[in-house]
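> The structure file run.cif (mmCIF, C-alpha atoms; chains and numbers go by the auth columns) is provided below.
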```
data_query
loop_
_atom_site.group_PDB
_atom_site.id
_atom_site.type_symbol
_atom_site.label_atom_id
_atom_site.label_comp_id
_atom_site.label_asym_id
_atom_site.label_seq_id
_atom_site.Cartn_x
_atom_site.Cartn_y
_atom_site.Cartn_z
_atom_site.B_iso_or_equiv
_atom_site.auth_seq_id
_atom_site.auth_asym_id
ATOM 1 C CA MET A 1 219.608 176.763 -56.903 0.00 1 A
ATOM 2 C CA ALA A 2 217.993 178.122 -59.977 0.00 2 A
ATOM 3 C CA GLU A 3 215.609 175.561 -61.346 0.00 3 A
ATOM 4 C CA PRO A 4 214.531 175.578 -64.960 0.00 4 A
ATOM 5 C CA MET A 5 211.620 177.766 -65.926 0.00 5 A
ATOM 6 C CA ARG A 6 208.943 177.054 -68.428 0.00 6 A
ATOM 7 C CA ILE A 7 208.253 179.320 -71.335 0.00 7 A
ATOM 8 C CA ARG A 8 205.825 179.129 -74.207 0.00 8 A
ATOM 9 C CA ALA A 9 205.161 181.503 -77.073 0.00 9 A
ATOM 10 C CA THR A 10 202.393 181.146 -79.625 0.00 10 A
ATOM 11 C CA MET A 11 201.085 183.387 -82.388 0.00 11 A
ATOM 12 C CA THR A 12 197.470 184.550 -82.207 0.00 12 A
ATOM 13 C CA GLY A 13 196.835 186.540 -85.366 0.00 13 A
ATOM 14 C CA ASP A 14 199.732 189.015 -85.564 0.00 14 A
ATOM 15 C CA VAL A 15 200.305 189.025 -81.829 0.00 15 A
ATOM 16 C CA ALA A 16 202.687 186.706 -80.027 0.00 16 A
ATOM 17 C CA ASP A 17 201.346 185.418 -76.746 0.00 17 A
ATOM 18 C CA VAL A 18 204.203 184.672 -74.356 0.00 18 A
ATOM 19 C CA LYS A 19 203.711 182.791 -71.097 0.00 19 A
ATOM 20 C CA VAL A 20 206.479 182.260 -68.579 0.00 20 A
ATOM 21 C CA LEU A 21 206.449 180.200 -65.406 0.00 21 A
ATOM 22 C CA MET A 22 209.462 180.799 -63.169 0.00 22 A
ATOM 23 C CA ASN A 23 210.471 178.480 -60.341 0.00 23 A
ATOM 24 C CA HIS A 24 211.135 180.598 -57.296 0.00 24 A
ATOM 25 C CA PRO A 25 210.110 180.592 -53.605 0.00 25 A
ATOM 26 C CA MET A 26 209.369 184.375 -53.560 0.00 26 A
ATOM 27 C CA GLU A 27 209.854 184.736 -49.803 0.00 27 A
ATOM 28 C CA THR A 28 208.600 188.076 -48.497 0.00 28 A
ATOM 29 C CA GLY A 29 210.824 188.131 -45.444 0.00 29 A
ATOM 30 C CA GLN A 30 207.707 188.295 -43.240 0.00 30 A
ATOM 31 C CA ARG A 31 206.878 184.602 -43.040 0.00 31 A
ATOM 32 C CA LYS A 32 207.980 182.560 -40.046 0.00 32 A
ATOM 33 C CA ASP A 33 209.378 179.092 -40.354 0.00 33 A
ATOM 34 C CA ALA A 34 206.833 176.748 -38.747 0.00 34 A
ATOM 35 C CA LYS A 35 209.521 174.657 -37.036 0.00 35 A
ATOM 36 C CA THR A 36 212.059 177.183 -35.806 0.00 36 A
ATOM 37 C CA GLY A 37 209.832 180.249 -35.384 0.00 37 A
ATOM 38 C CA GLN A 38 212.493 182.297 -37.139 0.00 38 A
ATOM 39 C CA LEU A 39 211.655 184.676 -39.950 0.00 39 A
ATOM 40 C CA VAL A 40 212.465 183.259 -43.362 0.00 40 A
ATOM 41 C CA PRO A 41 214.754 185.788 -45.071 0.00 41 A
ATOM 42 C CA ALA A 42 213.375 187.623 -48.079 0.00 42 A
ATOM 43 C CA HIS A 43 214.242 185.901 -51.320 0.00 43 A
ATOM 44 C CA PHE A 44 212.414 187.022 -54.424 0.00 44 A
ATOM 45 C CA ILE A 45 212.892 187.813 -58.078 0.00 45 A
ATOM 46 C CA GLN A 46 213.585 191.499 -58.571 0.00 46 A
ATOM 47 C CA GLU A 47 214.153 191.906 -62.268 0.00 47 A
ATOM 48 C CA VAL A 48 212.789 190.187 -65.333 0.00 48 A
ATOM 49 C CA THR A 49 213.674 191.077 -68.886 0.00 49 A
ATOM 50 C CA ALA A 50 212.337 189.599 -72.081 0.00 50 A
ATOM 51 C CA THR A 51 213.510 189.971 -75.650 0.00 51 A
ATOM 52 C CA VAL A 52 211.848 188.885 -78.865 0.00 52 A
ATOM 53 C CA GLY A 53 214.068 188.578 -81.909 0.00 53 A
ATOM 54 C CA GLY A 54 216.844 190.385 -79.988 0.00 54 A
ATOM 55 C CA ALA A 55 214.754 193.478 -79.139 0.00 55 A
ATOM 56 C CA THR A 56 213.769 194.133 -75.533 0.00 56 A
ATOM 57 C CA VAL A 57 210.001 193.995 -75.138 0.00 57 A
ATOM 58 C CA LEU A 58 209.637 193.854 -71.391 0.00 58 A
ATOM 59 C CA SER A 59 211.763 194.909 -68.460 0.00 59 A
ATOM 60 C CA ALA A 60 210.026 194.386 -65.180 0.00 60 A
ATOM 61 C CA ASN A 61 210.735 195.060 -61.533 0.00 61 A
ATOM 62 C CA LEU A 62 209.003 192.660 -59.206 0.00 62 A
ATOM 63 C CA GLY A 63 208.408 192.946 -55.487 0.00 63 A
ATOM 64 C CA SER A 64 207.882 190.286 -52.866 0.00 64 A
ATOM 65 C CA GLY A 65 204.138 190.603 -53.469 0.00 65 A
ATOM 66 C CA VAL A 66 204.311 188.379 -56.507 0.00 66 A
ATOM 67 C CA SER A 67 203.144 184.823 -55.828 0.00 67 A
ATOM 68 C CA LYS A 68 205.476 181.873 -55.400 0.00 68 A
ATOM 69 C CA ASN A 69 206.609 180.407 -58.713 0.00 69 A
ATOM 70 C CA PRO A 70 205.719 183.585 -60.588 0.00 70 A
ATOM 71 C CA TYR A 71 203.618 183.446 -63.704 0.00 71 A
ATOM 72 C CA LEU A 72 203.978 186.161 -66.263 0.00 72 A
ATOM 73 C CA GLY A 73 202.055 186.589 -69.478 0.00 73 A
ATOM 74 C CA PHE A 74 202.525 189.315 -72.062 0.00 74 A
ATOM 75 C CA LYS A 75 201.723 189.990 -75.707 0.00 75 A
ATOM 76 C CA VAL A 76 203.975 191.276 -78.440 0.00 76 A
ATOM 77 C CA LYS A 77 202.683 192.713 -81.682 0.00 77 A
ATOM 78 C CA GLY A 78 204.736 192.449 -84.858 0.00 78 A
ATOM 79 C CA ALA A 79 206.562 189.296 -83.846 0.00 79 A
ATOM 80 C CA LYS A 80 206.523 186.335 -86.201 0.00 80 A
ATOM 81 C CA ALA A 81 206.668 182.585 -85.861 0.00 81 A
ATOM 82 C CA GLY A 82 210.263 181.418 -85.521 0.00 82 A
ATOM 83 C CA ASP A 83 211.422 184.522 -83.614 0.00 83 A
ATOM 84 C CA LYS A 84 213.513 183.713 -80.592 0.00 84 A
ATOM 85 C CA VAL A 85 212.120 184.687 -77.194 0.00 85 A
ATOM 86 C CA VAL A 86 214.587 184.991 -74.310 0.00 86 A
ATOM 87 C CA VAL A 87 213.568 185.615 -70.707 0.00 87 A
ATOM 88 C CA ASN A 88 216.048 186.420 -67.929 0.00 88 A
ATOM 89 C CA TRP A 89 215.472 186.978 -64.251 0.00 89 A
ATOM 90 C CA SER A 90 217.649 187.863 -61.287 0.00 90 A
ATOM 91 C CA ASP A 91 216.730 187.837 -57.609 0.00 91 A
ATOM 92 C CA ASN A 92 217.767 189.742 -54.488 0.00 92 A
ATOM 93 C CA LYS A 93 220.439 187.143 -53.678 0.00 93 A
ATOM 94 C CA GLY A 94 222.065 187.464 -57.077 0.00 94 A
ATOM 95 C CA ASP A 95 220.725 184.216 -58.513 0.00 95 A
ATOM 96 C CA LYS A 96 219.968 184.395 -62.198 0.00 96 A
ATOM 97 C CA ASN A 97 218.246 182.214 -64.713 0.00 97 A
ATOM 98 C CA THR A 98 217.468 182.383 -68.380 0.00 98 A
ATOM 99 C CA ALA A 99 215.222 180.469 -70.737 0.00 99 A
ATOM 100 C CA GLU A 100 214.517 180.706 -74.407 0.00 100 A
ATOM 101 C CA THR A 101 212.089 179.363 -76.940 0.00 101 A
ATOM 102 C CA THR A 102 210.967 180.099 -80.461 0.00 102 A
ATOM 103 C CA ILE A 103 207.512 181.401 -81.258 0.00 103 A
ATOM 104 C CA ALA A 104 205.326 178.598 -82.547 0.00 104 A
ATOM 105 C CA MET B 1 209.072 201.834 -35.289 0.00 1 B
ATOM 106 C CA ASN B 2 211.572 204.661 -35.552 0.00 2 B
ATOM 107 C CA ALA B 3 213.847 202.543 -37.704 0.00 3 B
ATOM 108 C CA LEU B 4 210.911 202.035 -40.033 0.00 4 B
ATOM 109 C CA ARG B 5 210.316 205.750 -40.299 0.00 5 B
ATOM 110 C CA ARG B 6 213.986 206.260 -41.097 0.00 6 B
ATOM 111 C CA ASN B 7 213.716 203.778 -43.934 0.00 7 B
ATOM 112 C CA VAL B 8 210.667 205.469 -45.370 0.00 8 B
ATOM 113 C CA LEU B 9 212.386 208.832 -45.284 0.00 9 B
ATOM 114 C CA LYS B 10 215.517 207.410 -46.843 0.00 10 B
ATOM 115 C CA GLY B 11 213.372 205.760 -49.488 0.00 11 B
ATOM 116 C CA ALA B 12 211.673 209.012 -50.394 0.00 12 B
ATOM 117 C CA ALA B 13 214.989 210.849 -50.642 0.00 13 B
ATOM 118 C CA GLY B 14 216.420 208.090 -52.826 0.00 14 B
ATOM 119 C CA ALA B 15 213.489 208.248 -55.196 0.00 15 B
ATOM 120 C CA SER B 16 213.825 211.957 -55.773 0.00 16 B
ATOM 121 C CA THR B 17 217.569 211.597 -56.371 0.00 17 B
ATOM 122 C CA VAL B 18 216.847 209.120 -59.146 0.00 18 B
ATOM 123 C CA ALA B 19 214.201 211.418 -60.605 0.00 19 B
ATOM 124 C CA ILE B 20 216.645 214.338 -60.591 0.00 20 B
ATOM 125 C CA ALA B 21 219.353 212.212 -62.188 0.00 21 B
ATOM 126 C CA VAL B 22 216.935 211.224 -64.959 0.00 22 B
ATOM 127 C CA ALA B 23 215.817 214.801 -65.452 0.00 23 B
ATOM 128 C CA ALA B 24 219.412 215.975 -65.687 0.00 24 B
ATOM 129 C CA GLY B 25 220.082 213.357 -68.340 0.00 25 B
ATOM 130 C CA LEU B 26 222.715 211.673 -66.203 0.00 26 B
ATOM 131 C CA LEU B 27 220.907 208.385 -66.481 0.00 27 B
ATOM 132 C CA LYS B 28 219.145 207.215 -69.566 0.00 28 B
ATOM 133 C CA PRO B 29 215.572 206.238 -68.682 0.00 29 B
ATOM 134 C CA THR B 30 216.232 202.675 -69.811 0.00 30 B
ATOM 135 C CA GLN B 31 219.142 202.364 -67.399 0.00 31 B
ATOM 136 C CA ALA B 32 217.104 203.810 -64.577 0.00 32 B
ATOM 137 C CA MET B 33 214.346 201.322 -65.327 0.00 33 B
ATOM 138 C CA ALA B 34 216.651 198.326 -65.422 0.00 34 B
ATOM 139 C CA ALA B 35 217.863 198.878 -61.860 0.00 35 B
ATOM 140 C CA TRP B 36 215.530 197.583 -59.179 0.00 36 B
ATOM 141 C CA ASN B 37 213.515 200.486 -57.864 0.00 37 B
ATOM 142 C CA ALA B 38 214.083 199.910 -54.134 0.00 38 B
ATOM 143 C CA PRO B 39 212.381 203.101 -52.844 0.00 39 B
ATOM 144 C CA ALA B 40 209.144 202.283 -54.661 0.00 40 B
ATOM 145 C CA PHE B 41 209.113 198.635 -53.604 0.00 41 B
ATOM 146 C CA ASP B 42 210.042 199.366 -49.983 0.00 42 B
ATOM 147 C CA ALA B 43 207.313 201.997 -49.695 0.00 43 B
ATOM 148 C CA LYS B 44 204.782 201.160 -47.011 0.00 44 B
ATOM 149 C CA ASN B 45 201.824 202.998 -48.506 0.00 45 B
ATOM 150 C CA VAL B 46 200.354 203.693 -51.923 0.00 46 B
ATOM 151 C CA GLY B 47 201.331 207.368 -51.986 0.00 47 B
ATOM 152 C CA ALA B 48 204.998 206.654 -51.315 0.00 48 B
ATOM 153 C CA ALA B 49 205.021 203.817 -53.845 0.00 49 B
ATOM 154 C CA MET B 50 203.613 206.106 -56.516 0.00 50 B
ATOM 155 C CA LYS B 51 206.175 208.726 -55.637 0.00 51 B
ATOM 156 C CA GLY B 52 208.865 206.074 -56.063 0.00 52 B
ATOM 157 C CA LEU B 53 207.440 205.308 -59.486 0.00 53 B
ATOM 158 C CA ASP B 54 207.536 209.009 -60.284 0.00 54 B
ATOM 159 C CA VAL B 55 203.751 209.137 -60.623 0.00 55 B
ATOM 160 C CA SER B 56 201.660 211.942 -59.151 0.00 56 B
ATOM 161 C CA SER B 57 197.859 212.088 -59.170 0.00 57 B
ATOM 162 C CA PRO B 58 197.192 209.753 -62.113 0.00 58 B
ATOM 163 C CA ALA B 59 193.913 210.259 -63.958 0.00 59 B
ATOM 164 C CA ASP B 60 191.197 207.618 -63.608 0.00 60 B
ATOM 165 C CA SER B 61 190.759 205.788 -66.866 0.00 61 B
ATOM 166 C CA LYS B 62 188.096 203.445 -68.171 0.00 62 B
ATOM 167 C CA ASP B 63 190.541 202.202 -70.792 0.00 63 B
ATOM 168 C CA ILE B 64 192.391 200.152 -68.203 0.00 64 B
ATOM 169 C CA VAL B 65 190.736 196.818 -67.553 0.00 65 B
ATOM 170 C CA ILE B 66 191.732 194.808 -64.495 0.00 66 B
ATOM 171 C CA LYS B 67 190.693 191.196 -64.562 0.00 67 B
ATOM 172 C CA ALA B 68 190.855 189.680 -61.086 0.00 68 B
ATOM 173 C CA PRO B 69 188.480 187.536 -59.035 0.00 69 B
ATOM 174 C CA ASP B 70 185.809 189.335 -56.946 0.00 70 B
ATOM 175 C CA ILE B 71 186.568 186.955 -54.114 0.00 71 B
ATOM 176 C CA ALA B 72 189.936 185.262 -53.724 0.00 72 B
ATOM 177 C CA GLU B 73 189.832 182.317 -51.359 0.00 73 B
ATOM 178 C CA ASN B 74 193.600 182.080 -51.211 0.00 74 B
ATOM 179 C CA GLY B 75 195.401 185.391 -50.875 0.00 75 B
ATOM 180 C CA ALA B 76 198.737 183.748 -51.686 0.00 76 B
ATOM 181 C CA VAL B 77 197.782 183.327 -55.330 0.00 77 B
ATOM 182 C CA VAL B 78 195.474 185.915 -56.849 0.00 78 B
ATOM 183 C CA PRO B 79 195.477 185.961 -60.653 0.00 79 B
ATOM 184 C CA VAL B 80 195.522 189.506 -62.012 0.00 80 B
ATOM 185 C CA GLU B 81 195.364 190.543 -65.630 0.00 81 B
ATOM 186 C CA VAL B 82 195.749 194.170 -66.664 0.00 82 B
ATOM 187 C CA THR B 83 194.880 195.354 -70.145 0.00 83 B
ATOM 188 C CA SER B 84 195.538 198.954 -71.108 0.00 84 B
ATOM 189 C CA LYS B 85 193.786 200.184 -74.233 0.00 85 B
ATOM 190 C CA ILE B 86 195.545 203.520 -73.963 0.00 86 B
ATOM 191 C CA ALA B 87 197.669 204.103 -77.071 0.00 87 B
ATOM 192 C CA GLY B 88 201.394 204.233 -76.441 0.00 88 B
ATOM 193 C CA THR B 89 201.324 202.471 -73.088 0.00 89 B
ATOM 194 C CA THR B 90 204.911 202.283 -71.864 0.00 90 B
ATOM 195 C CA SER B 91 204.540 200.819 -68.408 0.00 91 B
ATOM 196 C CA ILE B 92 202.069 199.068 -66.160 0.00 92 B
ATOM 197 C CA ALA B 93 202.456 198.914 -62.391 0.00 93 B
ATOM 198 C CA ILE B 94 200.337 196.697 -60.166 0.00 94 B
ATOM 199 C CA LEU B 95 199.645 197.606 -56.533 0.00 95 B
ATOM 200 C CA ALA B 96 197.728 195.757 -53.842 0.00 96 B
ATOM 201 C CA GLU B 97 196.756 198.755 -51.731 0.00 97 B
ATOM 202 C CA LYS B 98 196.634 197.175 -48.284 0.00 98 B
ATOM 203 C CA ASN B 99 199.708 194.963 -48.572 0.00 99 B
ATOM 204 C CA GLY B 100 202.604 195.814 -46.241 0.00 100 B
ATOM 205 C CA THR B 101 204.497 196.967 -49.305 0.00 101 B
ATOM 206 C CA PRO B 102 201.774 197.796 -51.846 0.00 102 B
ATOM 207 C CA LEU B 103 203.836 197.785 -55.036 0.00 103 B
ATOM 208 C CA VAL B 104 203.795 194.300 -56.527 0.00 104 B
ATOM 209 C CA GLY B 105 205.382 194.824 -59.897 0.00 105 B
ATOM 210 C CA ASN B 106 206.292 197.466 -62.434 0.00 106 B
ATOM 211 C CA PHE B 107 206.422 196.320 -66.032 0.00 107 B
ATOM 212 C CA THR B 108 208.068 198.453 -68.688 0.00 108 B
ATOM 213 C CA LEU B 109 206.927 197.640 -72.208 0.00 109 B
ATOM 214 C CA SER B 110 208.768 198.350 -75.440 0.00 110 B
ATOM 215 C CA GLY B 111 209.382 197.041 -78.936 0.00 111 B
ATOM 216 C CA GLY B 112 205.816 196.082 -79.864 0.00 112 B
ATOM 217 C CA ALA B 113 204.799 194.735 -76.468 0.00 113 B
ATOM 218 C CA GLN B 114 201.090 195.430 -76.015 0.00 114 B
ATOM 219 C CA GLY B 115 199.465 196.997 -72.985 0.00 115 B
ATOM 220 C CA PHE B 116 198.830 193.673 -71.360 0.00 116 B
ATOM 221 C CA ILE B 117 200.298 191.933 -68.321 0.00 117 B
ATOM 222 C CA SER B 118 199.072 188.780 -66.687 0.00 118 B
ATOM 223 C CA THR B 119 200.494 187.544 -63.398 0.00 119 B
ATOM 224 C CA ARG B 120 199.642 186.211 -59.959 0.00 120 B
ATOM 225 C CA ILE B 121 200.029 188.233 -56.800 0.00 121 B
ATOM 226 C CA LYS B 122 199.861 187.830 -53.022 0.00 122 B
ATOM 227 C CA MET B 123 197.310 189.793 -51.007 0.00 123 B
ATOM 228 C CA GLY B 124 197.375 190.150 -47.238 0.00 124 B
ATOM 229 C CA GLN B 125 193.728 191.177 -46.943 0.00 125 B
ATOM 230 C CA THR B 126 190.711 192.457 -48.846 0.00 126 B
ATOM 231 C CA SER B 127 191.814 195.530 -50.738 0.00 127 B
ATOM 232 C CA LEU B 128 191.791 197.392 -53.998 0.00 128 B
ATOM 233 C CA VAL B 129 194.105 196.128 -56.700 0.00 129 B
ATOM 234 C CA ARG B 130 195.309 199.180 -58.547 0.00 130 B
ATOM 235 C CA ALA B 131 196.942 199.441 -61.939 0.00 131 B
ATOM 236 C CA VAL B 132 198.967 202.498 -62.855 0.00 132 B
ATOM 237 C CA VAL B 133 199.664 202.945 -66.545 0.00 133 B
ATOM 238 C CA LYS B 134 202.099 205.391 -68.068 0.00 134 B
ATOM 239 C CA ALA B 135 201.484 206.451 -71.646 0.00 135 B
ATOM 240 C CA GLY B 136 202.902 209.396 -73.533 0.00 136 B
ATOM 241 C CA GLY B 137 204.362 211.018 -70.413 0.00 137 B
ATOM 242 C CA LYS B 138 201.027 210.908 -68.553 0.00 138 B
ATOM 243 C CA SER B 139 199.791 208.464 -65.982 0.00 139 B
ATOM 244 C CA TYR B 140 196.435 206.787 -65.675 0.00 140 B
ATOM 245 C CA THR B 141 194.961 204.490 -63.092 0.00 141 B
ATOM 246 C CA ALA B 142 192.132 202.078 -62.376 0.00 142 B
ATOM 247 C CA ALA B 143 191.318 199.837 -59.435 0.00 143 B
ATOM 248 C CA LYS B 144 189.251 196.796 -58.638 0.00 144 B
ATOM 249 C CA GLU B 145 188.361 195.411 -55.244 0.00 145 B
ATOM 250 C CA VAL B 146 189.317 191.836 -54.441 0.00 146 B
ATOM 251 C CA LYS B 147 187.907 190.245 -51.289 0.00 147 B
ATOM 252 C CA VAL B 148 190.387 187.926 -49.643 0.00 148 B
ATOM 253 C CA THR B 149 189.239 185.169 -47.309 0.00 149 B
ATOM 254 C CA ILE B 150 192.683 183.848 -46.304 0.00 150 B
ATOM 255 C CA GLY B 151 195.592 186.288 -46.423 0.00 151 B
ATOM 256 C CA GLY B 152 198.736 185.352 -48.282 0.00 152 B
ATOM 257 C CA CYS B 153 201.341 187.453 -46.524 0.00 153 B
ATOM 258 C CA GLY B 154 203.089 186.055 -43.482 0.00 154 B
ATOM 259 C CA GLY B 155 200.389 183.634 -42.328 0.00 155 B
#
```
Can you dump the structure from the file as structure tokens?


Amino acid sequence: MAEPMRIRATMTGDVADVKVLMNHPMETGQRKDAKTGQLVPAHFIQEVTATVGGATVLSANLGSGVSKNPYLGFKVKGAKAGDKVVVNWSDNKGDKNTAETTIA
Amino acid sequence: MNALRRNVLKGAAGASTVAIAVAAGLLKPTQAMAAWNAPAFDAKNVGAAMKGLDVSSPADSKDIVIKAPDIAENGAVVPVEVTSKIAGTTSIAILAEKNGTPLVGNFTLSGGAQGFISTRIKMGQTSLVRAVVKAGGKSYTAAKEVKVTIGGCGG
């Protein structure tokens, strides 16, 4: 179910620029299936956490108002090249995924 | 309709319970943050969502910059970038005011993360996109109008 996500982290000066692209349908629960006319059940990422070098830098709650295949960008000061960046998410159905990279 | 009202009421009660638990020190703020804030996300209007976030009457701030298109042709994907220049920014929440459930995301920053969040949101119709920033125990806000030609909710 959980498809791989893409993550990239680059240093700009002394700030690490982290970009994450998650693969997820992000169903609001309000959309109707075009064929059956039934509501598509809500299915969206609820929690995202990110760590850089083992320290939590971001813990986010998302709602169904985030676009399909969510993109998330954030900046971390004081990180250095080679630090490990780990991003985890979990959705309202209990699916989870994680991805990691090192800052380039 | 009545069921909806019940939910809203339940949501409001739930939010204050969490707030009391935090105040009493029963829950560490980090733990409270980690759990998905259902009352705030289920809220059907901006006021209730802010209450769920434990924010009351945030001050308008020019130090919050919202970068979003003036006109979004496709409401399903509206890029939004929020930069907070307020020192000690600890969280950024993004709300699309006229969405069925206005709260889109609440981002808690720590460990050197800067006051910056970039993401893409859905918008049902033309509305203000509001950012609510918490810094040093106070809350600040700014908003920018985005005109939507094709809504991205339901459809």

> So that I can see what lies close to Asn99 of chain B, please list as a PDB file with C-alpha atoms, in the frame of the given file the residues with an atom at most 10 Å from it, counting only C-alpha atoms and leaving out residues fewer than 3 positions away in the same chain.


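Written file, part-v3.pdb:
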```
ATOM      1  CA  GLY A  65     204.138 190.603 -53.469  1.00  0.00           C
TER       2      GLY A  65
ATOM      3  CA  LYS B  44     204.782 201.160 -47.011  1.00  0.00           C
ATOM      4  CA  ASN B  45     201.824 202.998 -48.506  1.00  0.00           C
ATOM      5  CA  VAL B  46     200.354 203.693 -51.923  1.00  0.00           C
ATOM      6  CA  LEU B  95     199.645 197.606 -56.533  1.00  0.00           C
ATOM      7  CA  ALA B  96     197.728 195.757 -53.842  1.00  0.00           C
ATOM      8  CA  PRO B 102     201.774 197.796 -51.846  1.00  0.00           C
ATOM      9  CA  LEU B 103     203.836 197.785 -55.036  1.00  0.00           C
ATOM     10  CA  VAL B 104     203.795 194.300 -56.527  1.00  0.00           C
ATOM     11  CA  LYS B 122     199.861 187.830 -53.022  1.00  0.00           C
ATOM     12  CA  MET B 123     197.310 189.793 -51.007  1.00  0.00           C
ATOM     13  CA  GLY B 124     197.375 190.150 -47.238  1.00  0.00           C
ATOM     14  CA  GLN B 125     193.728 191.177 -46.943  1.00  0.00           C
ATOM     15  CA  THR B 126     190.711 192.457 -48.846  1.00  0.00           C
ATOM     16  CA  SER B 127     191.814 195.530 -50.738  1.00  0.00           C
ATOM     17  CA  LEU B 128     191.791 197.392 -53.998  1.00  0.00           C
ATOM     18  CA  VAL B 129     194.105 196.128 -56.700  1.00  0.00           C
ATOM     19  CA  GLY B 151     195.592 186.288 -46.423  1.00  0.00           C
ATOM     20  CA  GLY B 152     198.736 185.352 -48.282  1.00  0.00           C
ATOM     21  CA  CYS B 153     201.341 187.453 -46.524  1.00  0.00           C
TER      22      CYS B 153
END
```

> Write out as a PyMOL selection string every residue belonging to chain B that has an atom at most 10 Å from any atom of chain A, counting all atoms listed in the file.

chain B and resi 30+33-38+40-42+75-79+81-83+90-96+99-124+152-155

> On this structure, which residues satisfy the PyMOL selection byres ((chain A and resi 100) around 9), written as a ChimeraX atom specification?

/A:6-8,84-88,98-99,101-102

> Around segment 58-65 of chain A, fit a box with edges along x, y and z, padding it by 4 Å on each side, then list its centre and edge lengths in Å to one decimal as AutoDock Vina command-line options.


```
--center_x 208.0 --center_y 192.7 --center_z -62.1 --size_x 15.6 --size_y 12.8 --size_z 26.5
```

> Rounded to one decimal, what separation in Å do you get between atom CA of Glu145 of chain B and atom CA of Met26 of chain A?

23.8 Å

> How many Å lie between atom CA of His24 of chain A and atom CA of Asn97 of chain A, rounded to one decimal?

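Taking atom CA of His24 of chain A and atom CA of Asn97 of chain A, their separation equals 10.4 Å.
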
> Between atom CA of Ala142 of chain B and atom CA of Lys67 of chain B, what distance in Å does the model show, to one decimal?

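That distance, rounded to one decimal, is 11.2 Å.
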
> For the structure shown, which residues end up in the PyMOL selection byres ((chain A and resi 104) around 7)? Put them as a list in words, please?

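Expected selection for the PyMOL selection byres ((chain A and resi 104) around 7) here is Ala9, Thr10, Met11, Ala81, Gly82, Thr102 and Ile103 of chain A.
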
> With all atoms listed in the file as the basis for distance, which of B:Ala72, B:Ala87, B:Ala131, B:Val80 is at the shortest distance from Ala143 of chain B?

B:Ala131

> With N, CA, C and O atoms retained, output segment 79-89 of chain A as a PDB file, in the first residue's frame.


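Okay, result_3.pdb is ready:
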```pdb
ATOM      1  N   ALA A  79      22.244  22.350  10.713  1.00  0.00           N
ATOM      2  CA  ALA A  79      22.527  21.003  10.230  1.00  0.00           C
ATOM      3  C   ALA A  79      23.783  21.060   9.362  1.00  0.00           C
ATOM      4  O   ALA A  79      24.178  22.132   8.903  1.00  0.00           O
ATOM      5  N   LYS A  80      24.429  19.928   9.183  1.00  0.00           N
ATOM      6  CA  LYS A  80      25.600  19.924   8.303  1.00  0.00           C
ATOM      7  C   LYS A  80      25.500  18.798   7.283  1.00  0.00           C
ATOM      8  O   LYS A  80      24.723  17.848   7.466  1.00  0.00           O
ATOM      9  N   ALA A  81      26.282  18.957   6.222  1.00  0.00           N
ATOM     10  CA  ALA A  81      26.294  17.938   5.178  1.00  0.00           C
ATOM     11  C   ALA A  81      26.669  16.600   5.808  1.00  0.00           C
ATOM     12  O   ALA A  81      27.543  16.535   6.670  1.00  0.00           O
ATOM     13  N   GLY A  82      26.009  15.543   5.391  1.00  0.00           N
ATOM     14  CA  GLY A  82      26.280  14.219   5.933  1.00  0.00           C
ATOM     15  C   GLY A  82      25.327  13.810   7.044  1.00  0.00           C
ATOM     16  O   GLY A  82      25.233  12.637   7.382  1.00  0.00           O
ATOM     17  N   ASP A  83      24.594  14.793   7.623  1.00  0.00           N
ATOM     18  CA  ASP A  83      23.598  14.459   8.646  1.00  0.00           C
ATOM     19  C   ASP A  83      22.488  13.627   8.013  1.00  0.00           C
ATOM     20  O   ASP A  83      22.109  13.839   6.867  1.00  0.00           O
ATOM     21  N   LYS A  84      21.981  12.701   8.821  1.00  0.00           N
ATOM     22  CA  LYS A  84      20.908  11.850   8.310  1.00  0.00           C
ATOM     23  C   LYS A  84      19.550  12.509   8.542  1.00  0.00           C
ATOM     24  O   LYS A  84      19.271  13.004   9.628  1.00  0.00           O
ATOM     25  N   VAL A  85      18.731  12.517   7.519  1.00  0.00           N
ATOM     26  CA  VAL A  85      17.375  13.064   7.619  1.00  0.00           C
ATOM     27  C   VAL A  85      16.405  11.902   7.491  1.00  0.00           C
ATOM     28  O   VAL A  85      16.490  11.125   6.542  1.00  0.00           O
ATOM     29  N   VAL A  86      15.505  11.763   8.475  1.00  0.00           N
ATOM     30  CA  VAL A  86      14.514  10.687   8.431  1.00  0.00           C
ATOM     31  C   VAL A  86      13.130  11.307   8.488  1.00  0.00           C
ATOM     32  O   VAL A  86      12.866  12.177   9.317  1.00  0.00           O
ATOM     33  N   VAL A  87      12.254  10.886   7.589  1.00  0.00           N
ATOM     34  CA  VAL A  87      10.879  11.380   7.586  1.00  0.00           C
ATOM     35  C   VAL A  87       9.936  10.186   7.708  1.00  0.00           C
ATOM     36  O   VAL A  87      10.084   9.193   6.992  1.00  0.00           O
ATOM     37  N   ASN A  88       8.998  10.283   8.639  1.00  0.00           N
ATOM     38  CA  ASN A  88       7.983   9.248   8.846  1.00  0.00           C
ATOM     39  C   ASN A  88       6.607   9.847   8.649  1.00  0.00           C
ATOM     40  O   ASN A  88       6.382  10.981   9.042  1.00  0.00           O
ATOM     41  N   TRP A  89       5.690   9.083   8.095  1.00  0.00           N
ATOM     42  CA  TRP A  89       4.293   9.516   8.152  1.00  0.00           C
ATOM     43  C   TRP A  89       3.403   8.351   8.551  1.00  0.00           C
ATOM     44  O   TRP A  89       3.768   7.184   8.410  1.00  0.00           O
TER      45      TRP A  89
END
```
